[in-house]
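Engineer: What follows is my_file23.txt; its format and atoms are compact mmCIF, C-alpha atoms.
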# COMPACT_ATOMS: atom_id res chain seq x y z
CA VAL A 1388 5.97 -21.68 15.53
CA LEU A 1389 3.10 -22.25 13.14
CA GLU A 1390 2.80 -18.57 12.30
CA ASP A 1391 6.31 -18.53 10.92
CA HIS A 1392 5.78 -21.49 8.67
CA GLY A 1393 6.53 -20.65 5.07
CA LEU A 1394 7.92 -17.17 5.76
CA GLU A 1395 10.95 -16.36 3.73
CA ILE A 1396 13.06 -13.23 4.02
CA LEU A 1397 14.04 -12.10 0.54
CA SER A 1398 17.49 -10.98 -0.51
CA ASP A 1399 18.00 -7.51 -1.98
CA GLU A 1400 18.40 -9.11 -5.41
CA GLU A 1401 15.10 -10.95 -5.09
CA CYS A 1402 13.40 -7.73 -4.00
CA VAL A 1403 14.70 -5.93 -7.08
CA GLU A 1404 13.45 -8.75 -9.32
CA LEU A 1405 9.98 -8.35 -7.81
CA LEU A 1406 10.12 -4.58 -8.27
CA LYS A 1407 10.90 -5.21 -11.93
CA ILE A 1408 7.77 -7.26 -12.53
CA ALA A 1409 5.36 -5.12 -10.52
CA ARG A 1410 3.62 -2.17 -12.11
CA ILE A 1411 1.60 -0.70 -9.26
CA GLY A 1412 3.24 0.35 -5.99
CA ARG A 1413 2.43 2.66 -3.13
CA VAL A 1414 4.39 5.73 -2.14
CA GLY A 1415 4.38 6.68 1.53
CA ILE A 1416 5.15 10.29 2.43
CA SER A 1417 5.03 11.74 5.90
CA VAL A 1418 2.90 14.87 6.02
CA GLY A 1419 3.46 16.19 9.49
CA ALA A 1420 3.33 13.04 11.64
CA VAL A 1421 0.85 11.24 9.41
CA PRO A 1422 1.82 9.23 6.35
CA ALA A 1423 -0.04 9.71 3.12
CA ILE A 1424 -0.12 6.63 0.88
CA PHE A 1425 -0.59 6.93 -2.89
CA PRO A 1426 -0.88 4.15 -5.44
CA VAL A 1427 1.29 4.80 -8.48
CA ASN A 1428 2.11 3.16 -11.77
CA PHE A 1429 5.90 2.81 -11.63
CA ALA A 1430 8.91 1.34 -13.37
CA LEU A 1431 12.59 0.93 -12.56
CA LEU A 1432 15.13 3.16 -14.27
CA ASP A 1433 18.78 2.45 -13.53
CA GLY A 1434 17.71 0.91 -10.23
CA ASP A 1435 15.53 3.85 -9.21
CA ILE A 1436 11.75 3.74 -8.84
CA VAL A 1437 10.17 6.22 -11.27
CA PHE A 1438 6.57 7.41 -11.48
CA ARG A 1439 4.62 10.34 -12.83
CA SER A 1440 3.44 13.17 -10.62
CA GLY A 1441 1.47 16.35 -10.95
CA GLU A 1442 1.50 19.15 -8.43
CA GLY A 1443 0.93 18.05 -4.85
CA THR A 1444 2.30 15.98 -2.02
CA LYS A 1445 4.44 13.66 -4.10
CA LEU A 1446 6.05 16.42 -6.12
CA ASP A 1447 6.59 18.54 -3.02
CA ALA A 1448 8.36 15.64 -1.35
CA ALA A 1449 10.58 15.19 -4.40
CA LEU A 1450 11.33 18.90 -4.63
CA ARG A 1451 12.60 18.96 -1.06
CA GLY A 1452 14.49 15.66 -1.44
CA ALA A 1453 12.42 13.97 1.25
CA THR A 1454 13.00 10.46 2.47
CA VAL A 1455 9.96 8.47 1.42
CA ALA A 1456 8.73 4.90 1.53
CA PHE A 1457 7.71 2.69 -1.34
CA GLN A 1458 5.87 -0.58 -1.05
CA VAL A 1459 4.77 -3.27 -3.45
CA ASP A 1460 2.98 -6.48 -2.67
CA ARG A 1461 0.98 -9.25 -4.24
CA ILE A 1462 -1.05 -11.12 -1.68
CA ASP A 1463 -3.67 -13.78 -2.12
CA ALA A 1464 -6.15 -13.00 0.62
CA VAL A 1465 -7.75 -16.43 0.60
CA TYR A 1466 -4.65 -18.62 0.63
CA GLU A 1467 -2.69 -15.93 2.42
CA GLU A 1468 0.39 -16.32 0.40
CA GLY A 1469 2.28 -13.73 -1.50
CA TRP A 1470 5.10 -11.30 -1.16
CA SER A 1471 5.78 -7.76 -0.04
CA VAL A 1472 8.73 -5.51 -0.77
CA PHE A 1473 9.42 -2.34 1.20
CA VAL A 1474 11.83 0.38 0.14
CA VAL A 1475 13.01 3.57 1.82
CA GLY A 1476 14.81 6.14 -0.25
CA THR A 1477 15.29 9.73 -1.27
CA ALA A 1478 12.81 11.28 -3.68
CA ALA A 1479 13.93 13.64 -6.41
CA VAL A 1480 12.42 15.28 -9.46
CA VAL A 1481 13.83 14.04 -12.76
CA ARG A 1482 15.28 17.14 -14.42
CA GLU A 1483 18.17 16.20 -16.69
CA LEU A 1484 17.16 15.96 -20.31
CA ASP A 1485 18.61 12.52 -20.96
CA GLU A 1486 16.98 11.16 -17.81
CA LEU A 1487 13.67 12.73 -18.80
CA GLU A 1488 13.91 11.10 -22.18
CA LYS A 1489 14.53 7.73 -20.55
CA ALA A 1490 11.64 8.27 -18.15
CA ARG A 1491 9.30 9.04 -21.06
CA GLN A 1492 10.25 5.72 -22.65
CA LEU A 1493 9.08 3.75 -19.62
CA GLY A 1494 5.46 3.76 -20.74
CA LEU A 1495 4.27 5.16 -17.42
CA ARG A 1496 0.82 6.60 -17.26
CA SER A 1497 -0.65 8.40 -14.32
CA TRP A 1498 -3.05 6.11 -12.58
CA ALA A 1499 -5.28 8.69 -11.05
CA ASP A 1500 -6.23 12.30 -11.38
CA GLY A 1501 -4.91 15.19 -13.28
CA GLN A 1502 -2.13 16.04 -15.63
CA ARG A 1503 1.11 14.53 -14.42
CA HIS A 1504 3.91 15.86 -16.52
CA ARG A 1505 6.70 15.50 -13.99
CA PHE A 1506 8.65 12.40 -13.14
CA VAL A 1507 9.71 11.56 -9.61
CA ARG A 1508 12.42 9.05 -8.85
CA ILE A 1509 13.18 7.30 -5.60
CA ARG A 1510 16.72 6.06 -5.07
CA PRO A 1511 16.48 3.02 -2.79
CA GLU A 1512 18.64 3.25 0.31
CA PHE A 1513 17.00 0.46 2.25
CA ILE A 1514 15.14 -2.51 0.85
CA SER A 1515 13.50 -5.49 2.49
CA GLY A 1516 11.10 -8.15 1.41
CA ARG A 1517 9.35 -11.27 2.49
CA ARG A 1518 7.48 -14.04 0.84
CA ILE A 1519 4.96 -16.39 2.38
CA LEU A 1520 4.12 -19.70 0.76
CA HIS A 1521 1.35 -22.05 1.81
CA PRO A 1522 0.99 -21.18 5.45
CA PRO A 1523 -0.97 -23.90 7.21
CA ILE A 1524 -4.71 -23.30 7.24
CA ARG A 1525 -5.74 -23.50 10.86
CA SER A 1526 -9.17 -23.54 12.36
CA ALA A 1527 -10.40 -20.62 14.44
CA ARG A 1528 -9.91 -22.73 17.57
CA ASP A 1529 -6.16 -22.89 17.08
CA ARG A 1530 -5.72 -19.15 17.12
CA VAL B 827 -8.59 16.64 -19.91
CA LEU B 828 -7.93 13.10 -21.01
CA GLU B 829 -6.16 12.16 -17.81
CA ASP B 830 -9.25 12.90 -15.79
CA HIS B 831 -11.53 10.78 -17.88
CA GLY B 832 -13.28 8.17 -15.80
CA LEU B 833 -12.11 9.45 -12.42
CA GLU B 834 -14.79 9.33 -9.79
CA ILE B 835 -14.48 10.65 -6.25
CA LEU B 836 -16.19 8.21 -3.89
CA SER B 837 -18.51 9.14 -1.06
CA ASP B 838 -17.69 8.10 2.50
CA GLU B 839 -20.40 5.46 2.27
CA GLU B 840 -18.91 4.00 -0.89
CA CYS B 841 -15.48 3.95 0.73
CA VAL B 842 -16.86 2.02 3.70
CA GLU B 843 -18.51 -0.50 1.38
CA LEU B 844 -15.16 -1.08 -0.32
CA LEU B 845 -13.44 -1.48 3.05
CA LYS B 846 -16.02 -4.13 3.89
CA ILE B 847 -15.19 -6.28 0.88
CA ALA B 848 -11.41 -5.90 1.02
CA ARG B 849 -9.32 -8.23 3.13
CA ILE B 850 -5.80 -6.94 2.68
CA GLY B 851 -4.89 -3.34 3.44
CA ARG B 852 -1.77 -1.39 4.23
CA VAL B 853 -1.05 0.44 7.45
CA GLY B 854 1.16 3.52 7.24
CA ILE B 855 2.96 4.63 10.38
CA SER B 856 5.42 7.49 10.61
CA VAL B 857 8.64 6.39 12.23
CA GLY B 858 10.57 9.59 12.65
CA ALA B 859 9.95 11.40 9.38
CA VAL B 860 9.71 8.22 7.31
CA PRO B 861 6.55 6.20 6.89
CA ALA B 862 6.64 2.46 7.33
CA ILE B 863 4.03 0.57 5.30
CA PHE B 864 2.79 -2.86 6.38
CA PRO B 865 0.33 -5.13 4.59
CA VAL B 866 -2.26 -6.55 6.98
CA ASN B 867 -5.25 -8.85 6.86
CA PHE B 868 -8.05 -6.71 8.28
CA ALA B 869 -11.77 -6.54 8.90
CA LEU B 870 -14.23 -3.88 10.02
CA LEU B 871 -15.60 -4.00 13.56
CA ASP B 872 -18.23 -1.40 14.41
CA GLY B 873 -16.79 0.83 11.72
CA ASP B 874 -13.19 0.47 12.92
CA ILE B 875 -10.41 -1.22 10.98
CA VAL B 876 -9.08 -4.17 13.02
CA PHE B 877 -5.98 -6.29 12.41
CA ARG B 878 -3.65 -8.53 14.35
CA SER B 879 -0.29 -7.34 15.59
CA GLY B 880 2.66 -8.74 17.47
CA GLU B 881 5.31 -6.63 19.15
CA GLY B 882 6.75 -3.91 16.98
CA THR B 883 6.00 -0.75 15.10
CA LYS B 884 2.26 -1.32 14.69
CA LEU B 885 1.69 -2.23 18.32
CA ASP B 886 3.85 0.66 19.51
CA ALA B 887 1.80 3.07 17.41
CA ALA B 888 -1.40 1.69 18.90
CA LEU B 889 -0.06 1.83 22.44
CA ARG B 890 0.71 5.52 22.10
CA GLY B 891 -2.56 6.26 20.29
CA ALA B 892 -0.77 7.46 17.18
CA THR B 893 -2.49 8.86 14.14
CA VAL B 894 -1.88 6.39 11.36
CA ALA B 895 -2.88 5.88 7.75
CA PHE B 896 -4.65 2.95 6.18
CA GLN B 897 -4.96 2.28 2.50
CA VAL B 898 -6.73 -0.29 0.38
CA ASP B 899 -6.84 -0.53 -3.38
CA ARG B 900 -7.62 -2.87 -6.19
CA ILE B 901 -6.00 -1.77 -9.40
CA ASP B 902 -5.75 -3.51 -12.73
CA ALA B 903 -2.32 -2.54 -13.95
CA VAL B 904 -3.02 -3.36 -17.58
CA TYR B 905 -6.38 -1.67 -18.02
CA GLU B 906 -5.52 0.87 -15.34
CA GLU B 907 -8.85 0.84 -13.73
CA GLY B 908 -9.67 0.20 -10.13
CA TRP B 909 -10.21 1.96 -6.87
CA SER B 910 -8.28 3.21 -3.88
CA VAL B 911 -9.51 4.14 -0.41
CA PHE B 912 -7.38 6.11 2.04
CA VAL B 913 -8.13 6.46 5.74
CA VAL B 914 -6.48 8.45 8.51
CA GLY B 915 -7.34 7.61 12.08
CA THR B 916 -6.23 6.96 15.61
CA ALA B 917 -4.74 3.56 16.42
CA ALA B 918 -5.54 1.81 19.69
CA VAL B 919 -4.97 -1.61 21.21
CA VAL B 920 -8.16 -3.62 21.72
CA ARG B 921 -8.30 -4.29 25.45
CA GLU B 922 -11.89 -4.64 26.60
CA LEU B 923 -12.96 -8.23 26.93
CA ASP B 924 -16.13 -7.96 24.87
CA GLU B 925 -14.26 -6.14 22.12
CA LEU B 926 -11.52 -8.77 22.19
CA GLU B 927 -14.11 -11.48 21.86
CA LYS B 928 -15.63 -9.70 18.86
CA ALA B 929 -12.18 -9.24 17.32
CA ARG B 930 -11.44 -12.96 17.68
CA GLN B 931 -14.62 -13.73 15.75
CA LEU B 932 -13.44 -11.77 12.73
CA GLY B 933 -11.39 -14.66 11.40
CA LEU B 934 -8.28 -12.52 11.11
CA ARG B 935 -4.98 -14.23 10.68
CA SER B 936 -1.64 -12.57 10.72
CA TRP B 937 -0.38 -12.35 7.19
CA ALA B 938 3.31 -12.32 7.90
CA ASP B 939 5.76 -13.19 10.56
CA GLY B 940 5.55 -14.07 14.16
CA GLN B 941 2.95 -14.58 16.82
CA ARG B 942 0.37 -11.82 16.69
CA HIS B 943 -1.87 -12.12 19.68
CA ARG B 944 -2.88 -8.49 19.98
CA PHE B 945 -5.54 -6.68 18.04
CA VAL B 946 -5.12 -3.12 16.87
CA ARG B 947 -8.04 -0.98 15.79
CA ILE B 948 -8.03 2.20 13.76
CA ARG B 949 -10.94 4.56 14.20
CA PRO B 950 -11.37 6.42 10.90
CA GLU B 951 -11.34 10.20 11.24
CA PHE B 952 -10.78 11.00 7.61
CA ILE B 953 -11.68 8.88 4.63
CA SER B 954 -11.36 9.43 0.91
CA GLY B 955 -11.59 7.29 -2.16
CA ARG B 956 -11.50 7.33 -5.90
CA ARG B 957 -12.43 4.99 -8.64
CA ILE B 958 -11.19 4.96 -12.20
CA LEU B 959 -13.11 3.22 -14.91
CA HIS B 960 -11.91 2.62 -18.46
CA PRO B 961 -9.51 5.48 -18.94
CA PRO B 962 -8.76 5.91 -22.61
CA ILE B 963 -5.80 3.88 -23.79
CA ARG B 964 -3.47 6.31 -25.48
CA SER B 965 -0.37 5.66 -27.47
CA ALA B 966 3.03 6.68 -26.15
CA ARG B 967 3.07 9.56 -28.63
CA ASP B 968 0.10 11.23 -26.96
CA ARG B 969 1.74 11.52 -23.57
Show me this structure written as structure tokens.
Structural biologist:
Amino acid sequence: VLEDHGLEILSDEECVELLKIARIGRVGISVGAVPAIFPVNFALLDGDIVFRSGEGTKLDAALRGATVAFQVDRIDAVYEEGWSVFVVGTAAVVRELDELEKARQLGLRSWADGQRHRFVRIRPEFISGRRILHPPIRSARDR
Amino acid sequence: VLEDHGLEILSDEECVELLKIARIGRVGISVGAVPAIFPVNFALLDGDIVFRSGEGTKLDAALRGATVAFQVDRIDAVYEEGWSVFVVGTAAVVRELDELEKARQLGLRSWADGQRHRFVRIRPEFISGRRILHPPIRSARDR
């Protein structure tokens, strides 16, 4: 199958390596039946995804210990190669002093609006990833 | 407030212009209480977001006319400037012959795995966007 050419399913270890090098990811939180998706500047701390948050949807999700999604990708739209990592996990607010101190050392800045003094962490419970390399360029007629 | 420096809320028209130039977006679909997030190669067709889909979560959502999220961004992780557009809308499978013909002309290819012969469209019902330009670079001590 041409469409499958070059598709590689990544191991958990490979996914974690990609999470380590990425700096921008997207948090997905169900609000009612509709997901909200937020770009965040993140880093890994003891295997957890950590980002800054102010008041709002992300902090609310963390306060109630919601199961949330996290996604990172790097995709070349022209050559259509790249990778994507998808994580599902439980969100929590970082509260313990030593953890807060570690979180502050991560160099995280809030990407978007407002004062974001809290740190949210996502403990991965499910992780999956794929990489696509050099899929064949086909003409429109082949589709 | 330093954190708000350079933040600009985009108009609907600006958001649509950004959707027109982007090629990769992310579809968010609630599966139970957890959002799944999929990168897709998309294009606009008569104001709707259109992408290819095979069997699976995205097609299922379209078949049941689910409300889904769509998100596009371009963010420079080092300079921390960029933009993000977020859309909520109703997903549907493209079925009418003239619409299918138009969808086939969009040059969409499935980014990832499998045969993706169906087209899904999302009609935007809510759209929002923000752009951040040159936020001040602060030292770690200022945070």
Engineer: With a distance cut-off of 12 Å and only C-alpha atoms, select the neighbouring residues of A:Arg1410, excluding the residue or stretch itself and same-chain residues fewer than 4 positions from it, and output the selection as a short mmCIF file (atom, residue, chain, number, x, y, z; two decimals) with C-alpha atoms, in the coordinates of the input.
Structural biologist:
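result.cif, freshly written:
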data_model
loop_
_atom_site.label_atom_id
_atom_site.label_comp_id
_atom_site.auth_asym_id
_atom_site.auth_seq_id
_atom_site.Cartn_x
_atom_site.Cartn_y
_atom_site.Cartn_z
CA LEU A 1405 9.98 -8.35 -7.81
CA LEU A 1406 10.12 -4.58 -8.27
CA PRO A 1426 -0.88 4.15 -5.44
CA VAL A 1427 1.29 4.80 -8.48
CA ASN A 1428 2.11 3.16 -11.77
CA PHE A 1429 5.90 2.81 -11.63
CA ALA A 1430 8.91 1.34 -13.37
CA LEU A 1431 12.59 0.93 -12.56
CA ILE A 1436 11.75 3.74 -8.84
CA VAL A 1437 10.17 6.22 -11.27
CA PHE A 1438 6.57 7.41 -11.48
CA GLN A 1458 5.87 -0.58 -1.05
CA VAL A 1459 4.77 -3.27 -3.45
CA ASP A 1460 2.98 -6.48 -2.67
CA ARG A 1461 0.98 -9.25 -4.24
CA LEU A 1493 9.08 3.75 -19.62
CA GLY A 1494 5.46 3.76 -20.74
CA LEU A 1495 4.27 5.16 -17.42
CA ARG A 1496 0.82 6.60 -17.26
CA SER A 1497 -0.65 8.40 -14.32
CA TRP A 1498 -3.05 6.11 -12.58
CA ILE B 901 -6.00 -1.77 -9.40
CA ASP B 902 -5.75 -3.51 -12.73
CA ALA B 903 -2.32 -2.54 -13.95
CA VAL B 904 -3.02 -3.36 -17.58
CA TYR B 905 -6.38 -1.67 -18.02
CA GLU B 906 -5.52 0.87 -15.34
#
Engineer: Is it possible to get the superposed chain B, fitted on chain A over all Cα pairs by sequence order, as an mmCIF file with C-alpha atoms, keeping the file's coordinate frame?
Structural biologist:
data_model
loop_
_atom_site.group_PDB
_atom_site.id
_atom_site.type_symbol
_atom_site.label_atom_id
_atom_site.label_comp_id
_atom_site.auth_asym_id
_atom_site.auth_seq_id
_atom_site.Cartn_x
_atom_site.Cartn_y
_atom_site.Cartn_z
ATOM 1 C CA VAL B 827 5.899 -21.694 15.573
ATOM 2 C CA LEU B 828 3.025 -22.211 13.195
ATOM 3 C CA GLU B 829 2.735 -18.545 12.338
ATOM 4 C CA ASP B 830 6.247 -18.503 10.979
ATOM 5 C CA HIS B 831 5.763 -21.453 8.715
ATOM 6 C CA GLY B 832 6.553 -20.588 5.133
ATOM 7 C CA LEU B 833 7.963 -17.128 5.822
ATOM 8 C CA GLU B 834 11.002 -16.338 3.759
ATOM 9 C CA ILE B 835 13.116 -13.204 4.040
ATOM 10 C CA LEU B 836 14.098 -12.084 0.543
ATOM 11 C CA SER B 837 17.538 -10.949 -0.523
ATOM 12 C CA ASP B 838 18.032 -7.486 -2.002
ATOM 13 C CA GLU B 839 18.426 -9.085 -5.416
ATOM 14 C CA GLU B 840 15.137 -10.933 -5.089
ATOM 15 C CA CYS B 841 13.426 -7.730 -3.994
ATOM 16 C CA VAL B 842 14.728 -5.926 -7.077
ATOM 17 C CA GLU B 843 13.478 -8.726 -9.324
ATOM 18 C CA LEU B 844 10.015 -8.361 -7.799
ATOM 19 C CA LEU B 845 10.129 -4.588 -8.271
ATOM 20 C CA LYS B 846 10.917 -5.214 -11.928
ATOM 21 C CA ILE B 847 7.793 -7.277 -12.528
ATOM 22 C CA ALA B 848 5.386 -5.143 -10.502
ATOM 23 C CA ARG B 849 3.623 -2.204 -12.083
ATOM 24 C CA ILE B 850 1.619 -0.723 -9.247
ATOM 25 C CA GLY B 851 3.257 0.346 -6.001
ATOM 26 C CA ARG B 852 2.459 2.649 -3.134
ATOM 27 C CA VAL B 853 4.410 5.724 -2.146
ATOM 28 C CA GLY B 854 4.404 6.677 1.530
ATOM 29 C CA ILE B 855 5.167 10.274 2.431
ATOM 30 C CA SER B 856 5.067 11.736 5.915
ATOM 31 C CA VAL B 857 2.941 14.845 6.027
ATOM 32 C CA GLY B 858 3.486 16.178 9.501
ATOM 33 C CA ALA B 859 3.398 13.054 11.642
ATOM 34 C CA VAL B 860 0.909 11.230 9.420
ATOM 35 C CA PRO B 861 1.868 9.219 6.374
ATOM 36 C CA ALA B 862 -0.003 9.701 3.140
ATOM 37 C CA ILE B 863 -0.102 6.622 0.901
ATOM 38 C CA PHE B 864 -0.572 6.929 -2.861
ATOM 39 C CA PRO B 865 -0.872 4.139 -5.418
ATOM 40 C CA VAL B 866 1.295 4.797 -8.469
ATOM 41 C CA ASN B 867 2.121 3.135 -11.755
ATOM 42 C CA PHE B 868 5.903 2.801 -11.634
ATOM 43 C CA ALA B 869 8.912 1.332 -13.379
ATOM 44 C CA LEU B 870 12.596 0.918 -12.579
ATOM 45 C CA LEU B 871 15.125 3.178 -14.288
ATOM 46 C CA ASP B 872 18.773 2.446 -13.544
ATOM 47 C CA GLY B 873 17.718 0.906 -10.258
ATOM 48 C CA ASP B 874 15.527 3.852 -9.230
ATOM 49 C CA ILE B 875 11.762 3.728 -8.838
ATOM 50 C CA VAL B 876 10.171 6.212 -11.274
ATOM 51 C CA PHE B 877 6.559 7.390 -11.462
ATOM 52 C CA ARG B 878 4.596 10.312 -12.810
ATOM 53 C CA SER B 879 3.426 13.137 -10.598
ATOM 54 C CA GLY B 880 1.448 16.326 -10.935
ATOM 55 C CA GLU B 881 1.477 19.128 -8.395
ATOM 56 C CA GLY B 882 0.924 18.019 -4.839
ATOM 57 C CA THR B 883 2.290 15.977 -2.003
ATOM 58 C CA LYS B 884 4.442 13.640 -4.097
ATOM 59 C CA LEU B 885 6.022 16.417 -6.127
ATOM 60 C CA ASP B 886 6.592 18.529 -3.021
ATOM 61 C CA ALA B 887 8.374 15.618 -1.356
ATOM 62 C CA ALA B 888 10.581 15.189 -4.407
ATOM 63 C CA LEU B 889 11.332 18.893 -4.646
ATOM 64 C CA ARG B 890 12.613 18.956 -1.085
ATOM 65 C CA GLY B 891 14.495 15.666 -1.472
ATOM 66 C CA ALA B 892 12.446 13.976 1.223
ATOM 67 C CA THR B 893 13.021 10.464 2.447
ATOM 68 C CA VAL B 894 9.987 8.483 1.412
ATOM 69 C CA ALA B 895 8.765 4.907 1.515
ATOM 70 C CA PHE B 896 7.723 2.684 -1.341
ATOM 71 C CA GLN B 897 5.895 -0.580 -1.035
ATOM 72 C CA VAL B 898 4.794 -3.275 -3.435
ATOM 73 C CA ASP B 899 3.019 -6.506 -2.652
ATOM 74 C CA ARG B 900 1.024 -9.258 -4.211
ATOM 75 C CA ILE B 901 -1.004 -11.121 -1.652
ATOM 76 C CA ASP B 902 -3.643 -13.772 -2.086
ATOM 77 C CA ALA B 903 -6.109 -12.984 0.651
ATOM 78 C CA VAL B 904 -7.719 -16.411 0.636
ATOM 79 C CA TYR B 905 -4.635 -18.608 0.632
ATOM 80 C CA GLU B 906 -2.650 -15.927 2.432
ATOM 81 C CA GLU B 907 0.429 -16.347 0.427
ATOM 82 C CA GLY B 908 2.317 -13.734 -1.483
ATOM 83 C CA TRP B 909 5.140 -11.298 -1.146
ATOM 84 C CA SER B 910 5.818 -7.761 -0.025
ATOM 85 C CA VAL B 911 8.780 -5.503 -0.765
ATOM 86 C CA PHE B 912 9.454 -2.327 1.205
ATOM 87 C CA VAL B 913 11.870 0.392 0.134
ATOM 88 C CA VAL B 914 13.042 3.581 1.811
ATOM 89 C CA GLY B 915 14.837 6.151 -0.278
ATOM 90 C CA THR B 916 15.322 9.738 -1.286
ATOM 91 C CA ALA B 917 12.812 11.276 -3.689
ATOM 92 C CA ALA B 918 13.938 13.640 -6.435
ATOM 93 C CA VAL B 919 12.395 15.286 -9.474
ATOM 94 C CA VAL B 920 13.807 14.044 -12.782
ATOM 95 C CA ARG B 921 15.257 17.132 -14.439
ATOM 96 C CA GLU B 922 18.137 16.189 -16.708
ATOM 97 C CA LEU B 923 17.117 15.956 -20.320
ATOM 98 C CA ASP B 924 18.561 12.516 -20.988
ATOM 99 C CA GLU B 925 16.954 11.162 -17.832
ATOM 100 C CA LEU B 926 13.634 12.731 -18.805
ATOM 101 C CA GLU B 927 13.859 11.112 -22.195
ATOM 102 C CA LYS B 928 14.515 7.735 -20.569
ATOM 103 C CA ALA B 929 11.614 8.271 -18.164
ATOM 104 C CA ARG B 930 9.257 9.033 -21.059
ATOM 105 C CA GLN B 931 10.209 5.715 -22.644
ATOM 106 C CA LEU B 932 9.041 3.762 -19.615
ATOM 107 C CA GLY B 933 5.428 3.783 -20.739
ATOM 108 C CA LEU B 934 4.243 5.166 -17.419
ATOM 109 C CA ARG B 935 0.791 6.596 -17.220
ATOM 110 C CA SER B 936 -0.662 8.388 -14.290
ATOM 111 C CA TRP B 937 -3.055 6.077 -12.550
ATOM 112 C CA ALA B 938 -5.325 8.649 -11.017
ATOM 113 C CA ASP B 939 -6.306 12.221 -11.353
ATOM 114 C CA GLY B 940 -4.979 15.165 -13.184
ATOM 115 C CA GLN B 941 -2.193 16.030 -15.547
ATOM 116 C CA ARG B 942 1.057 14.494 -14.374
ATOM 117 C CA HIS B 943 3.852 15.827 -16.485
ATOM 118 C CA ARG B 944 6.655 15.480 -13.972
ATOM 119 C CA PHE B 945 8.620 12.388 -13.139
ATOM 120 C CA VAL B 946 9.699 11.565 -9.621
ATOM 121 C CA ARG B 947 12.420 9.055 -8.867
ATOM 122 C CA ILE B 948 13.190 7.292 -5.621
ATOM 123 C CA ARG B 949 16.719 6.068 -5.095
ATOM 124 C CA PRO B 950 16.509 3.019 -2.816
ATOM 125 C CA GLU B 951 18.675 3.259 0.291
ATOM 126 C CA PHE B 952 17.043 0.478 2.224
ATOM 127 C CA ILE B 953 15.174 -2.485 0.842
ATOM 128 C CA SER B 954 13.536 -5.466 2.479
ATOM 129 C CA GLY B 955 11.141 -8.146 1.414
ATOM 130 C CA ARG B 956 9.383 -11.258 2.519
ATOM 131 C CA ARG B 957 7.528 -14.031 0.872
ATOM 132 C CA ILE B 958 5.001 -16.375 2.399
ATOM 133 C CA LEU B 959 4.182 -19.662 0.792
ATOM 134 C CA HIS B 960 1.382 -22.010 1.818
ATOM 135 C CA PRO B 961 0.999 -21.179 5.470
ATOM 136 C CA PRO B 962 -0.984 -23.886 7.190
ATOM 137 C CA ILE B 963 -4.711 -23.266 7.169
ATOM 138 C CA ARG B 964 -5.830 -23.488 10.759
ATOM 139 C CA SER B 965 -9.286 -23.500 12.190
ATOM 140 C CA ALA B 966 -10.539 -20.584 14.256
ATOM 141 C CA ARG B 967 -10.158 -22.706 17.386
ATOM 142 C CA ASP B 968 -6.392 -22.911 16.964
ATOM 143 C CA ARG B 969 -5.842 -19.175 17.031
#
Engineer: Distance atom CA of A:Cys1402-atom CA of A:Val1455, one decimal place?
Structural biologist: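 Computing the Euclidean distance for atom CA of A:Cys1402 and atom CA of A:Val1455 yields 17.4 Å.
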Engineer: For the atom pair atom CA of B:His943 and atom CA of B:Leu926, what is the interatomic distance in Å to one decimal place?
Structural biologist: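 We find that atom CA of B:His943 and atom CA of B:Leu926 lie 10.5 Å from each other.
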Engineer: Calculated over all atoms listed in the file, which of the candidates B:Glu907, B:Asp838, B:Glu951, B:Glu927 has the smallest distance to chain A?
Structural biologist: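 Checking each of B:Glu907, B:Asp838, B:Glu951, B:Glu927 against chain A, counting all atoms listed in the file, the winner is B:Glu907.
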Engineer: For atom CA of A:Lys1445 and atom CA of A:Val1418, quote the distance in Å rounded to one decimal.
Structural biologist: 10.3 Å
Engineer: Please provide the set of residues having any atom within 7 Å of B:Ala895, restricted to only C-alpha atoms, with same-chain residues fewer than 3 positions apart removed, written as a compact mmCIF listing (two decimals) with C-alpha atoms, keeping the file's coordinate frame.
Structural biologist:
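Saved to result39.txt:
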# COMPACT_ATOMS: atom_id res chain seq x y z
CA VAL A 1421 0.85 11.24 9.41
CA PRO A 1422 1.82 9.23 6.35
CA ALA A 1423 -0.04 9.71 3.12
CA VAL B 853 -1.05 0.44 7.45
CA GLY B 854 1.16 3.52 7.24
CA ILE B 855 2.96 4.63 10.38
CA VAL B 913 -8.13 6.46 5.74
CA VAL B 914 -6.48 8.45 8.51
CA GLY B 915 -7.34 7.61 12.08
Engineer: Please list as a PyMOL selection string every residue within 12 Å of B:Gly882, counting only C-alpha atoms and excluding residues in the same chain fewer than 3 positions away.
Structural biologist: chain B and resi 855+857+862+864+878-879+885-889+939-942+944+946
Engineer: Determine the nearest neighbour of B:Phe945 from the options B:Thr883, B:Ile958, B:Asp924, B:Val919, counting only C-alpha atoms.
Structural biologist: B:Val919
Engineer: Please determine, counting all atoms listed in the file, which residue among A:Pro1511, A:Gly1434, A:Gly1452, A:Gly1393 has the shortest atom-to-atom distance to chain B.
Structural biologist: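 Checking each of A:Pro1511, A:Gly1434, A:Gly1452, A:Gly1393 against chain B, counting all atoms listed in the file, the winner is A:Gly1393.
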